[in-house]
Number of protein chains: 2
Amino acid sequence: MAQDTRANILDTAEALFSERGFYGVSLAAIADRMRLTKQALLHHFGSKEKLYGEVLERISHRFRTIEDEIDTPGVAPDEVFCAYMMRLYQLSQERPDQTRLLVRELLDNRRRANTAGTWYLTAFLQGLIDRLKVLPDWQYASEADCLALVYQLLGALNYYAISQPTLTGIFGSPAYAALDTAFPGRFERLVAGALTAGP
Amino acid sequence: MAQDTRANILDTAEALFSERGFYGVSLAAIADRMRLTKQALLHHFGSKEKLYGEVLERISHRFRTIEDEIDTPGVAPDEVFCAYMMRLYQLSQERPDQTRLLVRELLDNRRRANTAGTWYLTAFLQGLIDRLKVLPDWQYASEADCLALVYQLLGALNYYAISQPTLTGIFGSPAYAALDTAFPGRFERLVAGALTAGP
DNA sequence: TTCATAACTTACCATATGGTAAGTCGTCAA
DNA sequence: TTGACGACTTACCATATGGTAAGTTATGAA
């Protein structure tokens, strides 16, 4: 039950932080939504910063598990890379909260003495780069070139994932629905195109 | 002098809002940096929300002027599109504050009843789509396909622009410098690749 | 000279913030 | 039965927040 409450707090905190950012959310706001007092949160987590830290940590942990599920032997490396990117697209859509929070971290990184922003990305980005360098066309490409491509693709995904409200606002729900249908296919072609073009 | 102060306030506000977000910045913080009292800001802008609104408005205005400078007659349409994208890359690097603030707006759009997020993007995105639909390969592509591609490219740019601190943190300054050199070339190829691949 | 107005400042104020201290209450092992 | 402990709550507190009200001071037109 205790672990349950903790997890619930982390869930609500994640949702709220992702919507309003660290400064936009008060402990009281999180507590209210759970019919608790803010002191309950302080009891469990010690401080707002620590609570926020655990939210990030949990996301980081989630990310670490994706790596494993994608590597299936006997599949062509370019397809592995492509599949990985599509999996990331899927993930960015399935967990928009998480995506938003990570983008917020990217923005806030410069301010907070947050080693946190670095943590999960390091291994994750390196993994992507490695999977790219396996490809015949890319094995002699510079690290920088690989990272640039990988990051461009990640950007395409994550930027889109945080734009849903704005895009719906601009183009309306039907048009957004059409875009949302078209997006994954287009993204797949973008990835494939970039791969075959070579460095 | 008065207009000067106003502009200065808007400058500092833009810088601070872009670094910490709306809730992360207090009127006092902005005022302090200018050796003014927060009441001076309230005198000029009425409220924090209005000050923030004017910051956005000013950015929006800046954006509207790019459109004009790019259309040069006698240039092949695919080069126009490509040049436009490269100009946007350049802009995202020249004014990282602006880029960060816009991404923050994307994130916060859902919360604030902000029509502001919509304003500048509408014409801007439509302009990009139109410039894409001019191309022979793309003239019969669906609006959704065009928007998807355009948005993917924008995402690649803007996501990268807000990631400088994180990327430096992960890979170190020299590696980041190499990445920064490689990025525009790679981005140009991404654009070109996507264009020639067709819809 | 006068007087209005703009550009501020000092003085407040209600509210919200993160956090501390000291309880209350139920559970569960000894 | 007791007593420790975990999961909370109520009571506070110093500080910061956005905002109002009422000055003060400089400038420039009548």
# chains A, B, ... in the order shown; residues from 1 in each chain; ligands from 1
$ interface_residues --of "chain C" --to "chain A" --cutoff "12 Å" --atoms "only C-alpha atoms (C1' of nucleotides)" --output "PDB file with C-alpha atoms (C1' of nucleotides), in the first residue's frame"
ATOM      1  C1'  DA C  16       1.024  30.817  -2.115  1.00  0.00           C
ATOM      2  C1'  DT C  17       5.306  28.641  -1.588  1.00  0.00           C
ATOM      3  C1'  DG C  18       8.590  24.922   0.321  1.00  0.00           C
ATOM      4  C1'  DG C  19       9.665  23.252   4.552  1.00  0.00           C
ATOM      5  C1'  DT C  20       9.736  22.132   9.936  1.00  0.00           C
ATOM      6  C1'  DA C  21       7.685  20.365  14.215  1.00  0.00           C
TER       7       DA C  21
END
$ calpha_fit_rmsd --fixed "chain B" --moving "chain A"
0.1 Å
$ closest_atom_pairs --of "chain A" --to "chain B" --cutoff "7 Å" --atoms "only C-alpha atoms" --output "JSON lines"
{"residue": "A:Glu19", "atom": "CA", "partner": "B:Asp108", "partner_atom": "CA", "distance": 6.8}
{"residue": "A:Arg20", "atom": "CA", "partner": "B:Asp108", "partner_atom": "CA", "distance": 6.6}
{"residue": "A:Tyr23", "atom": "CA", "partner": "B:Gly24", "partner_atom": "CA", "distance": 5.3}
{"residue": "A:Gly24", "atom": "CA", "partner": "B:Tyr23", "partner_atom": "CA", "distance": 5.3}
{"residue": "A:Arg100", "atom": "CA", "partner": "B:Leu107", "partner_atom": "CA", "distance": 6.8}
{"residue": "A:Leu106", "atom": "CA", "partner": "B:Ser163", "partner_atom": "CA", "distance": 5.7}
{"residue": "A:Leu107", "atom": "CA", "partner": "B:Ile162", "partner_atom": "CA", "distance": 6.0}
{"residue": "A:Asp108", "atom": "CA", "partner": "B:Arg20", "partner_atom": "CA", "distance": 6.6}
{"residue": "A:Asn109", "atom": "CA", "partner": "B:Thr166", "partner_atom": "CA", "distance": 6.4}
{"residue": "A:Arg110", "atom": "CA", "partner": "B:Pro165", "partner_atom": "CA", "distance": 5.7}
{"residue": "A:Gly117", "atom": "CA", "partner": "B:Thr166", "partner_atom": "CA", "distance": 6.5}
{"residue": "A:Thr118", "atom": "CA", "partner": "B:Ile170", "partner_atom": "CA", "distance": 5.8}
{"residue": "A:Thr122", "atom": "CA", "partner": "B:Ile170", "partner_atom": "CA", "distance": 6.0}
{"residue": "A:Ala144", "atom": "CA", "partner": "B:Leu179", "partner_atom": "CA", "distance": 4.6}
{"residue": "A:Asp145", "atom": "CA", "partner": "B:Ala182", "partner_atom": "CA", "distance": 5.7}
{"residue": "A:Ala148", "atom": "CA", "partner": "B:Phe183", "partner_atom": "CA", "distance": 5.4}
{"residue": "A:Leu149", "atom": "CA", "partner": "B:Arg186", "partner_atom": "CA", "distance": 6.6}
{"residue": "A:Tyr151", "atom": "CA", "partner": "B:Tyr160", "partner_atom": "CA", "distance": 7.0}
{"residue": "A:Gln152", "atom": "CA", "partner": "B:Ala156", "partner_atom": "CA", "distance": 4.2}
{"residue": "A:Leu153", "atom": "CA", "partner": "B:Ala156", "partner_atom": "CA", "distance": 6.3}
{"residue": "A:Gly155", "atom": "CA", "partner": "B:Ala156", "partner_atom": "CA", "distance": 4.3}
{"residue": "A:Ala156", "atom": "CA", "partner": "B:Gln152", "partner_atom": "CA", "distance": 4.2}
{"residue": "A:Tyr159", "atom": "CA", "partner": "B:Gly155", "partner_atom": "CA", "distance": 4.8}
{"residue": "A:Tyr160", "atom": "CA", "partner": "B:Gly155", "partner_atom": "CA", "distance": 6.6}
{"residue": "A:Ile162", "atom": "CA", "partner": "B:Leu107", "partner_atom": "CA", "distance": 6.0}
{"residue": "A:Ser163", "atom": "CA", "partner": "B:Leu106", "partner_atom": "CA", "distance": 5.8}
{"residue": "A:Pro165", "atom": "CA", "partner": "B:Arg110", "partner_atom": "CA", "distance": 5.7}
{"residue": "A:Thr166", "atom": "CA", "partner": "B:Thr118", "partner_atom": "CA", "distance": 6.2}
{"residue": "A:Gly169", "atom": "CA", "partner": "B:Thr118", "partner_atom": "CA", "distance": 6.5}
{"residue": "A:Ile170", "atom": "CA", "partner": "B:Thr118", "partner_atom": "CA", "distance": 5.8}
{"residue": "A:Ala178", "atom": "CA", "partner": "B:Ala144", "partner_atom": "CA", "distance": 5.9}
{"residue": "A:Leu179", "atom": "CA", "partner": "B:Ala144", "partner_atom": "CA", "distance": 4.6}
{"residue": "A:Ala182", "atom": "CA", "partner": "B:Asp145", "partner_atom": "CA", "distance": 5.8}
{"residue": "A:Phe183", "atom": "CA", "partner": "B:Ala148", "partner_atom": "CA", "distance": 5.4}
{"residue": "A:Arg186", "atom": "CA", "partner": "B:Leu149", "partner_atom": "CA", "distance": 6.6}
{"residue": "A:Leu190", "atom": "CA", "partner": "B:Ala194", "partner_atom": "CA", "distance": 5.9}
{"residue": "A:Gly193", "atom": "CA", "partner": "B:Gly193", "partner_atom": "CA", "distance": 5.9}
{"residue": "A:Ala194", "atom": "CA", "partner": "B:Leu190", "partner_atom": "CA", "distance": 6.0}
{"residue": "A:Ala197", "atom": "CA", "partner": "B:Gly193", "partner_atom": "CA", "distance": 6.8}
$ interface_residues --of "chain D" --to "chain B" --cutoff "9 Å" --atoms "only C-alpha atoms (C1' of nucleotides)" --output "PyMOL selection string"
chain D and resi 17-19
$ residues_around --residues "region 1-11 of chain C" --least-positions-apart "6" --cutoff "12 Å" --atoms "only C-alpha atoms (C1' of nucleotides)" --output "list in words"
Met1, Ala2, Gln3, Thr5, Arg6, Arg35, Leu36, Thr37, Lys38, Gln39, Ala40, Leu41, Leu42, His43 and His44 of chain B; DT20, DA21, DA22, DG23, DT24, DT25, DA26, DT27, DG28, DA29 and DA30 of chain D
$ residues_around --residues "Phe63 (chain B)" --least-positions-apart "3" --cutoff "8 Å" --atoms "only C-alpha atoms (C1' of nucleotides)" --output "list in words"
Ile59, Ser60, Ile66, Glu67, Tyr120 and Phe124 of chain B
$ write_last_selection --atoms "N, CA and C atoms" --output "CSV table (one decimal), in the first residue's frame"
chain,number,residue,atom,x,y,z
B,59,ILE,N,8.6,38.2,-30.8
B,59,ILE,CA,9.2,37.1,-31.6
B,59,ILE,C,8.4,36.8,-32.8
B,60,SER,N,7.1,36.8,-32.6
B,60,SER,CA,6.2,36.5,-33.8
B,60,SER,C,6.5,37.5,-34.9
B,66,ILE,N,11.0,37.0,-41.9
B,66,ILE,CA,11.9,36.1,-42.6
B,66,ILE,C,11.4,35.7,-44.0
B,67,GLU,N,10.1,35.5,-44.0
B,67,GLU,CA,9.4,35.1,-45.2
B,67,GLU,C,9.9,35.9,-46.4
B,120,TYR,N,1.8,32.8,-34.8
B,120,TYR,CA,2.8,33.0,-35.8
B,120,TYR,C,3.0,31.7,-36.7
B,124,PHE,N,3.3,30.8,-41.1
B,124,PHE,CA,4.6,30.3,-41.3
B,124,PHE,C,4.6,28.8,-41.8
$ decode --residues "region 11-51 of chain B" --atoms "N, CA and C atoms" --output "JSON list (two decimals), in the first residue's frame"
[["chain", "number", "residue", "atom", "x", "y", "z"],
["B", 11, "ASP", "N", 13.84, 42.65, -23.68],
["B", 11, "ASP", "CA", 15.04, 41.85, -23.93],
["B", 11, "ASP", "C", 15.37, 40.95, -22.74],
["B", 12, "THR", "N", 15.46, 41.56, -21.58],
["B", 12, "THR", "CA", 15.80, 40.76, -20.38],
["B", 12, "THR", "C", 14.72, 39.74, -20.09],
["B", 13, "ALA", "N", 13.47, 40.14, -20.25],
["B", 13, "ALA", "CA", 12.37, 39.21, -20.01],
["B", 13, "ALA", "C", 12.48, 38.02, -20.96],
["B", 14, "GLU", "N", 12.75, 38.30, -22.22],
["B", 14, "GLU", "CA", 12.88, 37.22, -23.21],
["B", 14, "GLU", "C", 13.99, 36.26, -22.81],
["B", 15, "ALA", "N", 15.11, 36.83, -22.42],
["B", 15, "ALA", "CA", 16.23, 35.99, -22.03],
["B", 15, "ALA", "C", 15.87, 35.11, -20.82],
["B", 16, "LEU", "N", 15.27, 35.73, -19.82],
["B", 16, "LEU", "CA", 14.95, 34.99, -18.60],
["B", 16, "LEU", "C", 13.84, 33.97, -18.82],
["B", 17, "PHE", "N", 12.78, 34.39, -19.48],
["B", 17, "PHE", "CA", 11.69, 33.45, -19.75],
["B", 17, "PHE", "C", 12.19, 32.26, -20.55],
["B", 18, "SER", "N", 13.07, 32.51, -21.49],
["B", 18, "SER", "CA", 13.55, 31.41, -22.32],
["B", 18, "SER", "C", 14.39, 30.44, -21.51],
["B", 19, "GLU", "N", 15.04, 30.96, -20.47],
["B", 19, "GLU", "CA", 15.89, 30.07, -19.68],
["B", 19, "GLU", "C", 15.14, 29.32, -18.60],
["B", 20, "ARG", "N", 14.13, 29.98, -18.02],
["B", 20, "ARG", "CA", 13.46, 29.35, -16.88],
["B", 20, "ARG", "C", 11.98, 29.11, -17.08],
["B", 21, "GLY", "N", 11.43, 29.64, -18.14],
["B", 21, "GLY", "CA", 10.01, 29.48, -18.35],
["B", 21, "GLY", "C", 9.19, 30.50, -17.58],
["B", 22, "PHE", "N", 7.93, 30.58, -17.92],
["B", 22, "PHE", "CA", 7.06, 31.61, -17.35],
["B", 22, "PHE", "C", 7.03, 31.57, -15.83],
["B", 23, "TYR", "N", 6.83, 30.39, -15.27],
["B", 23, "TYR", "CA", 6.71, 30.27, -13.83],
["B", 23, "TYR", "C", 8.05, 30.34, -13.12],
["B", 24, "GLY", "N", 9.10, 30.11, -13.85],
["B", 24, "GLY", "CA", 10.42, 30.11, -13.24],
["B", 24, "GLY", "C", 10.99, 31.49, -13.05],
["B", 25, "VAL", "N", 10.33, 32.49, -13.61],
["B", 25, "VAL", "CA", 10.84, 33.86, -13.56],
["B", 25, "VAL", "C", 9.85, 34.74, -12.82],
["B", 26, "SER", "N", 10.33, 35.48, -11.85],
["B", 26, "SER", "CA", 9.46, 36.44, -11.16],
["B", 26, "SER", "C", 9.71, 37.84, -11.70],
["B", 27, "LEU", "N", 8.72, 38.68, -11.57],
["B", 27, "LEU", "CA", 8.89, 40.07, -12.00],
["B", 27, "LEU", "C", 10.10, 40.68, -11.31],
["B", 28, "ALA", "N", 10.24, 40.38, -10.04],
["B", 28, "ALA", "CA", 11.37, 40.92, -9.28],
["B", 28, "ALA", "C", 12.69, 40.50, -9.91],
["B", 29, "ALA", "N", 12.76, 39.25, -10.36],
["B", 29, "ALA", "CA", 14.01, 38.76, -10.94],
["B", 29, "ALA", "C", 14.37, 39.54, -12.20],
["B", 30, "ILE", "N", 13.38, 39.79, -13.03],
["B", 30, "ILE", "CA", 13.63, 40.57, -14.24],
["B", 30, "ILE", "C", 14.06, 41.99, -13.86],
["B", 31, "ALA", "N", 13.31, 42.56, -12.93],
["B", 31, "ALA", "CA", 13.59, 43.95, -12.52],
["B", 31, "ALA", "C", 14.99, 44.07, -11.92],
["B", 32, "ASP", "N", 15.33, 43.14, -11.05],
["B", 32, "ASP", "CA", 16.65, 43.17, -10.40],
["B", 32, "ASP", "C", 17.77, 43.27, -11.41],
["B", 33, "ARG", "N", 17.67, 42.43, -12.43],
["B", 33, "ARG", "CA", 18.74, 42.38, -13.42],
["B", 33, "ARG", "C", 18.91, 43.73, -14.13],
["B", 34, "MET", "N", 17.84, 44.53, -14.11],
["B", 34, "MET", "CA", 17.92, 45.83, -14.77],
["B", 34, "MET", "C", 18.07, 46.97, -13.77],
["B", 35, "ARG", "N", 18.23, 46.62, -12.51],
["B", 35, "ARG", "CA", 18.29, 47.64, -11.46],
["B", 35, "ARG", "C", 17.04, 48.51, -11.46],
["B", 36, "LEU", "N", 15.92, 47.83, -11.60],
["B", 36, "LEU", "CA", 14.63, 48.52, -11.48],
["B", 36, "LEU", "C", 13.83, 47.79, -10.40],
["B", 37, "THR", "N", 12.70, 48.34, -10.06],
["B", 37, "THR", "CA", 11.79, 47.61, -9.19],
["B", 37, "THR", "C", 10.75, 46.93, -10.06],
["B", 38, "LYS", "N", 10.15, 45.90, -9.51],
["B", 38, "LYS", "CA", 9.16, 45.17, -10.30],
["B", 38, "LYS", "C", 7.98, 46.08, -10.65],
["B", 39, "GLN", "N", 7.77, 47.11, -9.84],
["B", 39, "GLN", "CA", 6.66, 48.02, -10.14],
["B", 39, "GLN", "C", 6.90, 48.80, -11.41],
["B", 40, "ALA", "N", 8.16, 49.01, -11.75],
["B", 40, "ALA", "CA", 8.46, 49.65, -13.03],
["B", 40, "ALA", "C", 7.94, 48.79, -14.17],
["B", 41, "LEU", "N", 8.14, 47.49, -14.05],
["B", 41, "LEU", "CA", 7.65, 46.59, -15.09],
["B", 41, "LEU", "C", 6.12, 46.62, -15.16],
["B", 42, "LEU", "N", 5.52, 46.61, -13.96],
["B", 42, "LEU", "CA", 4.06, 46.65, -13.94],
["B", 42, "LEU", "C", 3.55, 47.96, -14.51],
["B", 43, "HIS", "N", 4.30, 49.00, -14.28],
["B", 43, "HIS", "CA", 3.93, 50.29, -14.86],
["B", 43, "HIS", "C", 3.89, 50.20, -16.38],
["B", 44, "HIS", "N", 4.91, 49.56, -16.95],
["B", 44, "HIS", "CA", 5.01, 49.52, -18.41],
["B", 44, "HIS", "C", 4.09, 48.49, -19.04],
["B", 45, "PHE", "N", 3.87, 47.39, -18.35],
["B", 45, "PHE", "CA", 3.16, 46.29, -19.02],
["B", 45, "PHE", "C", 1.87, 45.84, -18.34],
["B", 46, "GLY", "N", 1.60, 46.36, -17.16],
["B", 46, "GLY", "CA", 0.31, 46.05, -16.54],
["B", 46, "GLY", "C", 0.30, 44.78, -15.72],
["B", 47, "SER", "N", 0.81, 43.71, -16.29],
["B", 47, "SER", "CA", 0.85, 42.45, -15.56],
["B", 47, "SER", "C", 1.93, 41.54, -16.15],
["B", 48, "LYS", "N", 2.25, 40.52, -15.41],
["B", 48, "LYS", "CA", 3.27, 39.58, -15.87],
["B", 48, "LYS", "C", 2.83, 38.90, -17.16],
["B", 49, "GLU", "N", 1.56, 38.49, -17.19],
["B", 49, "GLU", "CA", 1.02, 37.84, -18.38],
["B", 49, "GLU", "C", 1.16, 38.73, -19.61],
["B", 50, "LYS", "N", 0.85, 40.00, -19.43],
["B", 50, "LYS", "CA", 0.93, 40.91, -20.58],
["B", 50, "LYS", "C", 2.37, 41.10, -21.04],
["B", 51, "LEU", "N", 3.27, 41.21, -20.08],
["B", 51, "LEU", "CA", 4.69, 41.31, -20.44],
["B", 51, "LEU", "C", 5.11, 40.10, -21.26]]
